[in-house]
Each structure stands twice: as structure tokens, then as C-alpha cells.
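J.: See target-v2.cif below, with mmCIF, C-alpha atoms.
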data_final
#
loop_
_atom_site.group_PDB
_atom_site.id
_atom_site.type_symbol
_atom_site.label_atom_id
_atom_site.label_comp_id
_atom_site.auth_asym_id
_atom_site.auth_seq_id
_atom_site.Cartn_x
_atom_site.Cartn_y
_atom_site.Cartn_z
ATOM 1 C CA MET X 14 -67.136 -59.334 -10.514
ATOM 2 C CA ARG X 15 -68.409 -60.713 -7.223
ATOM 3 C CA ILE X 16 -70.758 -58.480 -5.269
ATOM 4 C CA SER X 17 -70.063 -58.329 -1.469
ATOM 5 C CA THR X 18 -72.720 -59.326 0.998
ATOM 6 C CA SER X 19 -73.389 -58.115 4.547
ATOM 7 C CA ALA X 20 -71.958 -61.384 5.886
ATOM 8 C CA THR X 21 -68.712 -60.799 4.061
ATOM 9 C CA TRP X 22 -68.513 -57.254 5.385
ATOM 10 C CA SER X 23 -69.230 -58.490 8.903
ATOM 11 C CA ASN X 24 -66.514 -61.148 8.763
ATOM 12 C CA ALA X 25 -63.967 -58.741 7.354
ATOM 13 C CA LEU X 26 -64.765 -56.134 9.984
ATOM 14 C CA SER X 27 -64.576 -58.746 12.748
ATOM 15 C CA ASN X 28 -61.175 -59.888 11.474
ATOM 16 C CA LEU X 29 -59.933 -56.299 11.507
ATOM 17 C CA MET X 30 -61.111 -55.744 15.071
ATOM 18 C CA LEU X 31 -59.473 -58.970 16.263
ATOM 19 C CA ALA X 32 -56.245 -58.032 14.531
ATOM 20 C CA GLN X 33 -56.324 -54.586 16.142
ATOM 21 C CA GLU X 34 -56.953 -56.172 19.556
ATOM 22 C CA ARG X 35 -53.965 -58.497 19.090
ATOM 23 C CA GLN X 36 -51.899 -55.508 18.009
ATOM 24 C CA ASN X 37 -52.905 -53.506 21.090
ATOM 25 C CA THR X 38 -52.081 -56.465 23.358
ATOM 26 C CA ALA X 39 -48.679 -56.894 21.737
ATOM 27 C CA ASN X 40 -48.005 -53.134 21.972
ATOM 28 C CA ASP X 41 -48.890 -53.175 25.689
ATOM 29 C CA GLN X 42 -46.541 -56.103 26.303
ATOM 30 C CA VAL X 43 -43.689 -54.418 24.466
ATOM 31 C CA SER X 44 -44.144 -51.084 26.271
ATOM 32 C CA SER X 45 -44.761 -52.521 29.762
ATOM 33 C CA GLN X 46 -42.663 -55.686 29.386
ATOM 34 C CA LYS X 47 -45.513 -57.434 31.208
ATOM 35 C CA VAL X 48 -47.877 -60.132 30.014
ATOM 36 C CA ALA X 49 -50.877 -58.010 31.051
ATOM 37 C CA THR X 50 -51.602 -54.610 32.561
ATOM 38 C CA ASP X 51 -53.863 -55.950 35.325
ATOM 39 C CA LEU X 52 -54.481 -59.193 37.204
ATOM 40 C CA MET X 53 -57.500 -60.056 35.058
ATOM 41 C CA GLY X 54 -55.144 -60.469 32.137
ATOM 42 C CA TYR X 55 -53.324 -63.352 33.818
ATOM 43 C CA GLY X 56 -56.320 -65.653 34.021
ATOM 44 C CA ARG X 57 -56.001 -68.595 36.391
ATOM 45 C CA THR X 58 -52.565 -67.519 37.649
ATOM 46 C CA SER X 59 -53.900 -64.166 38.885
ATOM 47 C CA GLU X 60 -54.561 -65.480 42.428
ATOM 48 C CA ILE X 61 -51.004 -66.802 42.716
ATOM 49 C CA ILE X 62 -49.570 -63.508 41.483
ATOM 50 C CA ALA X 63 -51.793 -61.543 43.876
ATOM 51 C CA SER X 64 -50.574 -63.720 46.761
ATOM 52 C CA TYR X 65 -46.927 -63.124 45.830
ATOM 53 C CA GLN X 66 -47.503 -59.378 45.506
ATOM 54 C CA SER X 67 -49.253 -59.230 48.890
ATOM 55 C CA SER X 68 -46.373 -61.081 50.560
ATOM 56 C CA LEU X 69 -43.881 -58.802 48.834
ATOM 57 C CA SER X 70 -45.745 -55.711 50.047
ATOM 58 C CA ARG X 71 -45.707 -56.956 53.664
ATOM 59 C CA THR X 72 -42.030 -57.869 53.434
ATOM 60 C CA ASN X 73 -41.098 -54.436 52.075
ATOM 61 C CA ALA X 74 -43.088 -52.839 54.900
ATOM 62 C CA TYR X 75 -41.049 -54.813 57.454
ATOM 63 C CA ILE X 76 -37.845 -53.769 55.672
ATOM 64 C CA ASP X 77 -38.875 -50.131 56.144
ATOM 65 C CA VAL X 78 -39.542 -50.811 59.839
ATOM 66 C CA THR X 79 -36.144 -52.464 60.352
ATOM 67 C CA GLN X 80 -34.440 -49.488 58.712
ATOM 68 C CA THR X 81 -36.265 -47.099 61.029
ATOM 69 C CA VAL X 82 -35.362 -49.204 64.069
ATOM 70 C CA SER X 83 -31.755 -49.522 62.900
ATOM 71 C CA ASP X 84 -31.430 -45.748 62.565
ATOM 72 C CA ARG X 85 -32.875 -45.285 66.045
ATOM 73 C CA LEU X 86 -30.489 -47.833 67.544
ATOM 74 C CA ASP X 87 -27.568 -46.049 65.859
ATOM 75 C CA SER X 88 -28.656 -42.844 67.585
ATOM 76 C CA GLN X 89 -29.014 -44.676 70.900
ATOM 77 C CA ASN X 90 -25.475 -45.956 70.517
ATOM 78 C CA ILE X 91 -24.223 -42.389 70.075
ATOM 79 C CA ALA X 92 -26.247 -41.238 73.099
ATOM 80 C CA LEU X 93 -24.971 -44.064 75.303
ATOM 81 C CA THR X 94 -21.397 -43.459 74.174
ATOM 82 C CA THR X 95 -21.776 -39.749 74.961
ATOM 83 C CA THR X 96 -23.121 -40.550 78.448
ATOM 84 C CA GLY X 97 -20.423 -43.136 79.104
ATOM 85 C CA ASP X 98 -17.655 -40.763 78.008
ATOM 86 C CA ALA X 99 -19.050 -38.048 80.304
ATOM 87 C CA ILE X 100 -19.018 -40.412 83.285
ATOM 88 C CA THR X 101 -15.488 -41.554 82.489
ATOM 89 C CA GLY X 102 -14.447 -37.905 82.220
ATOM 90 C CA ALA X 103 -15.918 -37.152 85.662
ATOM 91 C CA LYS X 104 -14.059 -40.067 87.203
ATOM 92 C CA ASP X 105 -10.758 -39.010 85.587
ATOM 93 C CA GLN X 106 -11.226 -35.452 86.869
ATOM 94 C CA LEU X 107 -11.648 -36.716 90.432
ATOM 95 C CA MET X 108 -8.615 -38.967 90.093
ATOM 96 C CA SER X 109 -6.559 -36.031 88.820
ATOM 97 C CA ALA X 110 -7.674 -33.878 91.774
ATOM 98 C CA LEU X 111 -6.765 -36.658 94.174
ATOM 99 C CA ALA X 112 -3.361 -37.137 92.555
ATOM 100 C CA ASN X 113 -2.619 -33.431 92.980
ATOM 101 C CA ALA X 114 -4.445 -33.096 96.314
ATOM 102 C CA ASP X 115 -5.975 -29.964 94.785
ATOM 103 C CA GLY X 116 -9.741 -29.519 94.561
ATOM 104 C CA THR X 117 -9.782 -25.994 93.164
ATOM 105 C CA THR X 118 -11.347 -26.940 89.813
ATOM 106 C CA ILE X 119 -13.404 -29.951 90.918
ATOM 107 C CA MET X 120 -16.808 -28.291 90.796
ATOM 108 C CA VAL X 121 -16.108 -26.576 87.481
ATOM 109 C CA ASP X 122 -15.019 -29.921 86.064
ATOM 110 C CA MET X 123 -18.071 -31.665 87.528
ATOM 111 C CA GLN X 124 -20.372 -29.088 85.950
ATOM 112 C CA GLY X 125 -18.790 -29.809 82.564
ATOM 113 C CA SER X 126 -19.201 -33.562 82.984
ATOM 114 C CA PHE X 127 -22.756 -33.059 84.236
ATOM 115 C CA ALA X 128 -23.584 -31.043 81.090
ATOM 116 C CA ALA X 129 -22.065 -33.761 78.904
ATOM 117 C CA THR X 130 -24.140 -36.385 80.720
ATOM 118 C CA LEU X 131 -27.267 -34.330 80.055
ATOM 119 C CA SER X 132 -26.378 -34.265 76.353
ATOM 120 C CA GLY X 133 -26.412 -38.052 76.312
ATOM 121 C CA LEU X 134 -29.574 -38.524 78.364
ATOM 122 C CA ASN X 135 -31.427 -35.816 76.403
ATOM 123 C CA PHE X 136 -30.197 -37.012 73.002
ATOM 124 C CA GLN X 137 -32.678 -36.549 70.152
ATOM 125 C CA HIS X 138 -33.435 -38.623 67.062
ATOM 126 C CA ASN X 139 -35.570 -37.119 64.287
ATOM 127 C CA GLY X 140 -36.668 -34.356 66.639
ATOM 128 C CA GLN X 141 -37.742 -36.688 69.452
ATOM 129 C CA PHE X 142 -35.973 -37.447 72.720
ATOM 130 C CA LEU X 143 -34.673 -41.003 72.668
ATOM 131 C CA PHE X 144 -35.036 -41.802 76.362
ATOM 132 C CA ALA X 145 -38.264 -39.915 77.095
ATOM 133 C CA GLY X 146 -40.393 -43.044 77.517
ATOM 134 C CA GLY X 147 -43.392 -41.863 75.525
ATOM 135 C CA SER X 148 -42.993 -38.173 76.343
ATOM 136 C CA ASP X 149 -40.865 -37.696 73.235
ATOM 137 C CA ASN X 150 -41.459 -33.973 72.826
ATOM 138 C CA GLY X 151 -40.048 -33.016 76.218
ATOM 139 C CA ALA X 152 -36.521 -33.455 77.578
ATOM 140 C CA PRO X 153 -36.416 -36.391 80.022
ATOM 141 C CA VAL X 154 -33.947 -34.543 82.271
ATOM 142 C CA THR X 155 -34.924 -30.939 82.969
ATOM 143 C CA THR X 156 -32.333 -30.053 85.622
ATOM 144 C CA LYS X 157 -29.840 -27.706 83.997
ATOM 145 C CA SER X 158 -27.028 -27.371 86.545
ATOM 146 C CA LEU X 159 -25.326 -29.079 89.452
ATOM 147 C CA ALA X 160 -26.546 -26.352 91.779
ATOM 148 C CA GLU X 161 -30.132 -27.023 90.693
ATOM 149 C CA LEU X 162 -29.602 -30.777 91.077
ATOM 150 C CA GLY X 163 -28.159 -30.300 94.536
ATOM 151 C CA GLY X 164 -31.245 -28.361 95.601
ATOM 152 C CA LEU X 165 -33.672 -31.160 94.685
ATOM 153 C CA THR X 166 -35.251 -33.201 97.462
ATOM 154 C CA SER X 167 -34.757 -36.382 95.437
ATOM 155 C CA VAL X 168 -32.785 -37.270 92.330
ATOM 156 C CA SER X 169 -35.974 -38.701 90.858
ATOM 157 C CA ASP X 170 -37.289 -35.133 90.643
ATOM 158 C CA ALA X 171 -34.717 -34.457 87.931
ATOM 159 C CA PHE X 172 -36.417 -36.901 85.550
ATOM 160 C CA THR X 173 -39.648 -36.217 83.680
ATOM 161 C CA ASN X 174 -39.603 -39.159 81.264
ATOM 162 C CA GLY X 175 -42.537 -41.525 80.882
ATOM 163 C CA THR X 176 -42.471 -45.270 81.412
ATOM 164 C CA VAL X 177 -43.185 -46.561 77.894
ATOM 165 C CA LYS X 178 -40.236 -48.365 76.329
ATOM 166 C CA LYS X 179 -40.538 -48.356 72.555
ATOM 167 C CA SER X 180 -40.921 -51.681 70.762
ATOM 168 C CA SER X 181 -41.233 -52.578 67.080
ATOM 169 C CA GLN X 182 -42.541 -55.495 65.025
ATOM 170 C CA ILE X 183 -39.546 -56.202 62.790
ATOM 171 C CA ASP X 184 -40.976 -59.271 61.056
ATOM 172 C CA ALA X 185 -44.084 -61.419 61.133
ATOM 173 C CA ASN X 186 -43.000 -63.227 64.296
ATOM 174 C CA THR X 187 -40.660 -60.850 66.124
ATOM 175 C CA ASN X 188 -41.457 -57.879 68.330
ATOM 176 C CA ILE X 189 -38.328 -56.298 69.796
ATOM 177 C CA GLN X 190 -38.180 -53.771 72.641
ATOM 178 C CA THR X 191 -35.555 -51.176 71.790
ATOM 179 C CA GLY X 192 -36.500 -48.224 73.983
ATOM 180 C CA MET X 193 -34.609 -47.165 77.112
ATOM 181 C CA LEU X 194 -35.520 -44.674 79.835
ATOM 182 C CA ALA X 195 -33.424 -41.742 80.988
ATOM 183 C CA SER X 196 -34.319 -42.470 84.616
ATOM 184 C CA ASP X 197 -33.027 -46.035 84.301
ATOM 185 C CA LEU X 198 -29.824 -44.905 82.627
ATOM 186 C CA GLY X 199 -29.114 -41.784 84.658
ATOM 187 C CA THR X 200 -30.334 -42.191 88.236
ATOM 188 C CA LYS X 201 -27.059 -43.650 89.506
ATOM 189 C CA VAL X 202 -24.798 -41.046 87.913
ATOM 190 C CA MET X 203 -27.113 -38.176 88.855
ATOM 191 C CA THR X 204 -27.074 -39.375 92.453
ATOM 192 C CA ILE X 205 -23.279 -39.189 92.437
ATOM 193 C CA PHE X 206 -23.316 -35.671 90.995
ATOM 194 C CA LYS X 207 -25.875 -34.576 93.583
ATOM 195 C CA GLU X 208 -23.873 -36.020 96.461
ATOM 196 C CA ILE X 209 -20.712 -34.241 95.287
ATOM 197 C CA GLN X 210 -22.611 -30.949 95.009
ATOM 198 C CA ASN X 211 -24.191 -31.349 98.437
ATOM 199 C CA TYR X 212 -20.837 -32.309 99.998
ATOM 200 C CA ASN X 213 -19.172 -29.230 98.511
ATOM 201 C CA ASP X 214 -22.042 -26.946 99.647
ATOM 202 C CA ASP X 215 -22.097 -28.282 103.210
ATOM 203 C CA PRO X 216 -19.984 -25.975 105.436
ATOM 204 C CA ALA X 217 -19.066 -28.987 107.548
ATOM 205 C CA THR X 218 -17.409 -30.823 104.670
ATOM 206 C CA GLY X 219 -16.746 -28.303 101.904
ATOM 207 C CA PRO X 220 -15.968 -26.506 99.834
ATOM 208 C CA PHE X 221 -13.170 -28.259 97.935
ATOM 209 C CA GLY X 222 -10.101 -26.045 98.036
ATOM 210 C CA ALA X 223 -6.502 -25.882 96.976
ATOM 211 C CA SER X 224 -5.576 -28.421 99.639
ATOM 212 C CA LEU X 225 -7.911 -31.400 100.010
ATOM 213 C CA THR X 226 -8.468 -32.730 103.500
ATOM 214 C CA ASP X 227 -8.161 -36.420 104.267
ATOM 215 C CA ALA X 228 -11.946 -36.665 104.629
ATOM 216 C CA GLN X 229 -12.438 -34.981 101.255
ATOM 217 C CA LYS X 230 -9.908 -37.316 99.652
ATOM 218 C CA GLU X 231 -11.710 -40.344 101.044
ATOM 219 C CA PHE X 232 -15.072 -38.995 99.853
ATOM 220 C CA LEU X 233 -13.796 -38.245 96.352
ATOM 221 C CA SER X 234 -12.109 -41.635 96.129
ATOM 222 C CA THR X 235 -15.421 -43.300 96.932
ATOM 223 C CA LYS X 236 -17.218 -41.192 94.328
ATOM 224 C CA SER X 237 -14.644 -42.075 91.667
ATOM 225 C CA GLN X 238 -15.344 -45.760 92.305
ATOM 226 C CA GLU X 239 -19.068 -45.090 92.069
ATOM 227 C CA PHE X 240 -18.517 -43.342 88.735
ATOM 228 C CA SER X 241 -16.770 -46.517 87.572
ATOM 229 C CA ALA X 242 -19.805 -48.584 88.576
ATOM 230 C CA ALA X 243 -22.121 -46.138 86.810
ATOM 231 C CA TYR X 244 -19.989 -46.393 83.669
ATOM 232 C CA ASP X 245 -20.191 -50.193 83.818
ATOM 233 C CA ASP X 246 -23.981 -49.927 83.856
ATOM 234 C CA ILE X 247 -23.944 -47.700 80.755
ATOM 235 C CA LEU X 248 -21.477 -50.054 79.091
ATOM 236 C CA GLN X 249 -23.877 -52.932 79.720
ATOM 237 C CA GLN X 250 -26.710 -50.978 78.109
ATOM 238 C CA SER X 251 -24.443 -50.171 75.161
ATOM 239 C CA SER X 252 -23.711 -53.861 74.776
ATOM 240 C CA LEU X 253 -27.438 -54.620 74.838
ATOM 241 C CA ASN X 254 -28.006 -51.923 72.226
ATOM 242 C CA GLY X 255 -25.295 -53.465 70.052
ATOM 243 C CA THR X 256 -26.934 -56.892 70.352
ATOM 244 C CA MET X 257 -30.236 -55.404 69.207
ATOM 245 C CA GLN X 258 -28.483 -53.664 66.303
ATOM 246 C CA THR X 259 -27.050 -56.982 65.135
ATOM 247 C CA ARG X 260 -30.417 -58.698 65.467
ATOM 248 C CA VAL X 261 -32.174 -56.000 63.466
ATOM 249 C CA GLU X 262 -29.461 -56.020 60.788
ATOM 250 C CA ASN X 263 -29.703 -59.817 60.445
ATOM 251 C CA THR X 264 -33.495 -59.597 60.204
ATOM 252 C CA GLN X 265 -33.235 -56.881 57.578
ATOM 253 C CA THR X 266 -30.805 -58.990 55.530
ATOM 254 C CA SER X 267 -33.178 -61.951 55.716
ATOM 255 C CA LEU X 268 -36.149 -59.789 54.713
ATOM 256 C CA LYS X 269 -34.276 -58.365 51.733
ATOM 257 C CA GLY X 270 -33.517 -61.920 50.616
ATOM 258 C CA GLN X 271 -37.201 -62.816 50.916
ATOM 259 C CA ALA X 272 -38.197 -59.699 49.000
ATOM 260 C CA SER X 273 -35.759 -60.561 46.226
ATOM 261 C CA SER X 274 -37.132 -64.099 45.967
ATOM 262 C CA LEU X 275 -40.730 -62.860 45.903
ATOM 263 C CA SER X 276 -39.874 -60.252 43.275
ATOM 264 C CA ASN X 277 -38.357 -62.987 41.119
ATOM 265 C CA LEU X 278 -41.468 -65.137 41.545
ATOM 266 C CA VAL X 279 -43.721 -62.245 40.538
ATOM 267 C CA GLU X 280 -41.434 -61.440 37.616
ATOM 268 C CA SER X 281 -41.433 -65.041 36.404
ATOM 269 C CA ARG X 282 -45.255 -64.994 36.320
ATOM 270 C CA THR X 283 -45.782 -61.527 34.885
ATOM 271 C CA ALA X 284 -42.787 -60.727 32.640
ATOM 272 C CA ALA X 285 -43.502 -60.876 28.940
ATOM 273 C CA ASP X 286 -41.356 -62.892 26.518
ATOM 274 C CA MET X 287 -40.027 -59.860 24.673
ATOM 275 C CA SER X 288 -38.885 -61.680 21.527
ATOM 276 C CA LYS X 289 -42.338 -63.288 21.257
ATOM 277 C CA ALA X 290 -44.021 -59.952 22.023
ATOM 278 C CA TYR X 291 -42.118 -58.224 19.187
ATOM 279 C CA THR X 292 -42.983 -61.058 16.816
ATOM 280 C CA ASP X 293 -46.659 -60.942 17.830
ATOM 281 C CA MET X 294 -46.692 -57.179 17.334
ATOM 282 C CA GLN X 295 -45.259 -57.472 13.837
ATOM 283 C CA GLN X 296 -47.679 -60.228 12.908
ATOM 284 C CA ALA X 297 -50.587 -58.238 14.312
ATOM 285 C CA GLN X 298 -49.548 -55.208 12.295
ATOM 286 C CA VAL X 299 -49.506 -57.327 9.123
ATOM 287 C CA ALA X 300 -52.913 -58.783 10.017
ATOM 288 C CA VAL X 301 -54.366 -55.283 10.573
ATOM 289 C CA GLN X 302 -53.018 -54.123 7.230
ATOM 290 C CA ALA X 303 -54.353 -57.219 5.482
ATOM 291 C CA SER X 304 -57.798 -56.892 7.076
ATOM 292 C CA ALA X 305 -57.921 -53.208 6.193
ATOM 293 C CA GLN X 306 -57.015 -54.074 2.601
ATOM 294 C CA VAL X 307 -59.814 -56.637 2.450
ATOM 295 C CA LEU X 308 -62.316 -54.034 3.622
ATOM 296 C CA SER X 309 -60.983 -51.603 1.059
ATOM 297 C CA ASN X 310 -61.390 -54.178 -1.690
ATOM 298 C CA LEU X 311 -64.923 -55.006 -0.537
ATOM 299 C CA SER X 312 -65.785 -51.346 -0.571
ATOM 300 C CA SER X 313 -64.616 -50.924 -4.163
ATOM 301 C CA SER X 314 -66.579 -53.985 -5.317
ATOM 302 C CA SER X 315 -69.869 -53.088 -3.649
ATOM 303 C CA LEU X 316 -73.193 -53.074 -5.513
ATOM 304 C CA LEU X 317 -73.394 -49.287 -5.148
ATOM 305 C CA ASN X 318 -70.167 -48.857 -7.085
ATOM 306 C CA LEU X 319 -71.340 -51.229 -9.796
ATOM 307 C CA LEU X 320 -74.579 -49.266 -10.248
ATOM 308 C CA LYS X 321 -72.759 -45.978 -10.690
#
Show this structure as C-alpha cells.
T.:
Amino acid sequence: MRISTSATWSNALSNLMLAQERQNTANDQVSSQKVATDLMGYGRTSEIIASYQSSLSRTNAYIDVTQTVSDRLDSQNIALTTTGDAITGAKDQLMSALANADGTTIMVDMQGSFAATLSGLNFQHNGQFLFAGGSDNGAPVTTKSLAELGGLTSVSDAFTNGTVKKSSQIDANTNIQTGMLASDLGTKVMTIFKEIQNYNDDPATGPFGASLTDAQKEFLSTKSQEFSAAYDDILQQSSLNGTMQTRVENTQTSLKGQASSLSNLVESRTAADMSKAYTDMQQAQVAVQASAQVLSNLSSSSLLNLLK
């Protein structure tokens, strides 16, 4: 019977360790479905994979930004629609009063339209005021009633918004300004409301009563036309908002396509061949068993056993 030597033991042990290493690698590939668990395992292709992953990370970050901007623009659309509807309602109320030559409910109606306009100009998104211009935690219009508005020295005193219009980097090359200011949107309509309030409060011209005078009819007719002009301004801003929504949506679609392509590139470099991985795992298991058997046989044929 052949007596084992230290060299034989060393070779057998080395073969077992290599077989176990191959088995562990195959097990990792089967469980993770990846060629390796870190970039070092990809050798010379690791730099390419790292570059793809970095680009994918940046692209996904821009996708998150476009979603945030898109949500904000959706809220702005609601706010602008609310403001526009309030202005249209005020105009229709004046036209109805003129048609009936009765101004009894004009100021009550104007207060309702004024409140609806405030709802639009003070609209909030995620707890912040949309049109606050950097002062997002405070309402951009603080005047609560027509009477309060009428008592102001200037319409500008009704606005407390800042001057910063929000902008966002929606891709590597595009920075888009999406923010709007309450003072830009509301000065014209607030001026009309103030003038109606002041006209009604002035003993020489008001108040509006059950029978409108010719002068009051002429005044209200002028104000109804001014409401129409104010609505056109809001409509223009709504159109601009819609254009920005489309641009952001198109950018987001493009970014998602880029992300998909980059993900496929990363996958093509990192995904394990599962049929090969299963085969390697089975072969490694056989090799481990065979190496272990060799060690067992060497152990039983050692000089110590022969001397017993």
C-alpha cells in the first residue's frame, strides 16, 4: 500500500479548496443571477459597467425631478383654472346685474368671486404655496375681503410673495423655469375688485341698489370688459403651463427610454448565464465531493494508520 506524502496531502487539499471556491462562485451566480457580486469580479469590463451604472443613476435622478416638476405643473394648472373660473364668474355676475338693471346682490357676488380668486392665487402643493415666489410657507395674498382690499392704499399691498420663480434641471442640458408669481397673475384682477369696492363705497357713485343708474351701468360694463381681459391673461398663463407640461412629459419619456437602454446594457454585462451557472455548480459539487474523497482515502492510508 502506498504511503501518502506531505506533497500529496498539499495537492489534495489545494484541489479541495479550489473546488469549494468554484462551488461558492457558482452558488453566488445562481442566487444573485449575476456574474459577480462586486465590480472587482468583472475584471477588465468593470470600468465599462461602472460607467453605465453611473449614467443610469443620473438618468433616474432626472426622472425623479421630472416627476416632481410634472406634479407641480398639474397643481399649477388646477390653480390657474380655479382663478380663471373665478374671474369668469365675476364677469357673468356683472353681466347678469346689467341685464336686470339690479345691483342688489353685486357686492355679495363680488365677495364670492374674490374669495374664489384667492383660492387660486393661494393654491398649495405639498404644503407650499405655488405662487409665493420663494416665500412658500406664507400665503402670497393676505387680504381676506373686498372691504379690506378697498381700504388698501395700493393693490400691491395685497401681495406678499417673493420674486423668485422656481426653475428645475430636468435633464443634463435643460433648465426650465416653471414658477409663477401671485402678483403677476393677480394684480389686474385685484385692481378691478378694488375699483368696484371703492366705487360702491363712494357716496357720490354708490352703493349699487335695486335700480342701477346709467353711470353705474357704464361703470359695471367697463369692469366686465376688464374682467374679460384679466381672464385672457390667466388663459395665456394656463397655455404656457400646458406647454411646459408637455415639454416635461416628453423629456420624462425620453429619459425613461434612456434608462431602459442603460439598464439593458448593464444587464448584458452583469447577468449570469443561468444554464451555465447551474452546470458549473453541479460540476463544482462533484469536484468537492471527489476532492473530499481523495483526502479521506489519503487519511486512511497514512503511515500512522499503518503503524497501528
J.: Each residue of stretch 39-156 of chain X lying at most 8 Å from stretch 189-201 of chain X should get a row with its shortest atom-to-atom pair and the distance in Å to one decimal, counting all atoms listed in the file; could you produce that, ordered by chain and increasing number, as JSON lines?
T.:
{"residue": "X:Val82", "atom": "CA", "partner": "X:Thr191", "partner_atom": "CA", "distance": 8.0}
{"residue": "X:Leu86", "atom": "CA", "partner": "X:Thr191", "partner_atom": "CA", "distance": 7.4}
{"residue": "X:Leu134", "atom": "CA", "partner": "X:Ala195", "partner_atom": "CA", "distance": 5.7}
{"residue": "X:Asn135", "atom": "CA", "partner": "X:Ala195", "partner_atom": "CA", "distance": 7.8}
{"residue": "X:Leu143", "atom": "CA", "partner": "X:Gly192", "partner_atom": "CA", "distance": 7.6}
{"residue": "X:Phe144", "atom": "CA", "partner": "X:Leu194", "partner_atom": "CA", "distance": 4.5}
{"residue": "X:Ala145", "atom": "CA", "partner": "X:Leu194", "partner_atom": "CA", "distance": 6.1}
{"residue": "X:Gly146", "atom": "CA", "partner": "X:Leu194", "partner_atom": "CA", "distance": 5.6}
{"residue": "X:Pro153", "atom": "CA", "partner": "X:Ala195", "partner_atom": "CA", "distance": 6.2}
{"residue": "X:Val154", "atom": "CA", "partner": "X:Ala195", "partner_atom": "CA", "distance": 7.3}
J.: One decimal, in Å: what's the spacing between atom CA of X:Ala128 and atom CA of X:Ala92?
T.: 13.2 Å
J.: Distance atom CA of X:Gln210-atom CA of X:Thr117, one decimal place?
T.: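 If I compute the distance from atom CA of X:Gln210 to atom CA of X:Thr117, I get 13.9 Å.
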J.: Between X:Asn188, X:Asn90, X:Ser224, X:Ser64, which residue has the minimum interatomic distance to X:His138, considering all atoms listed in the file?
T.: X:Asn90
J.: Can you pull out the residues contacting stretch 99-115 of chain X? Cut-off 6 Å, using only C-alpha atoms, and skip same-chain residues under 2 positions away; I want them as a list in words.
T.: Thr96, Gly97, Thr117, Ser126, Ala129, Thr130, Ala223, Ser224, Leu225, Ser237 and Phe240 of chain X
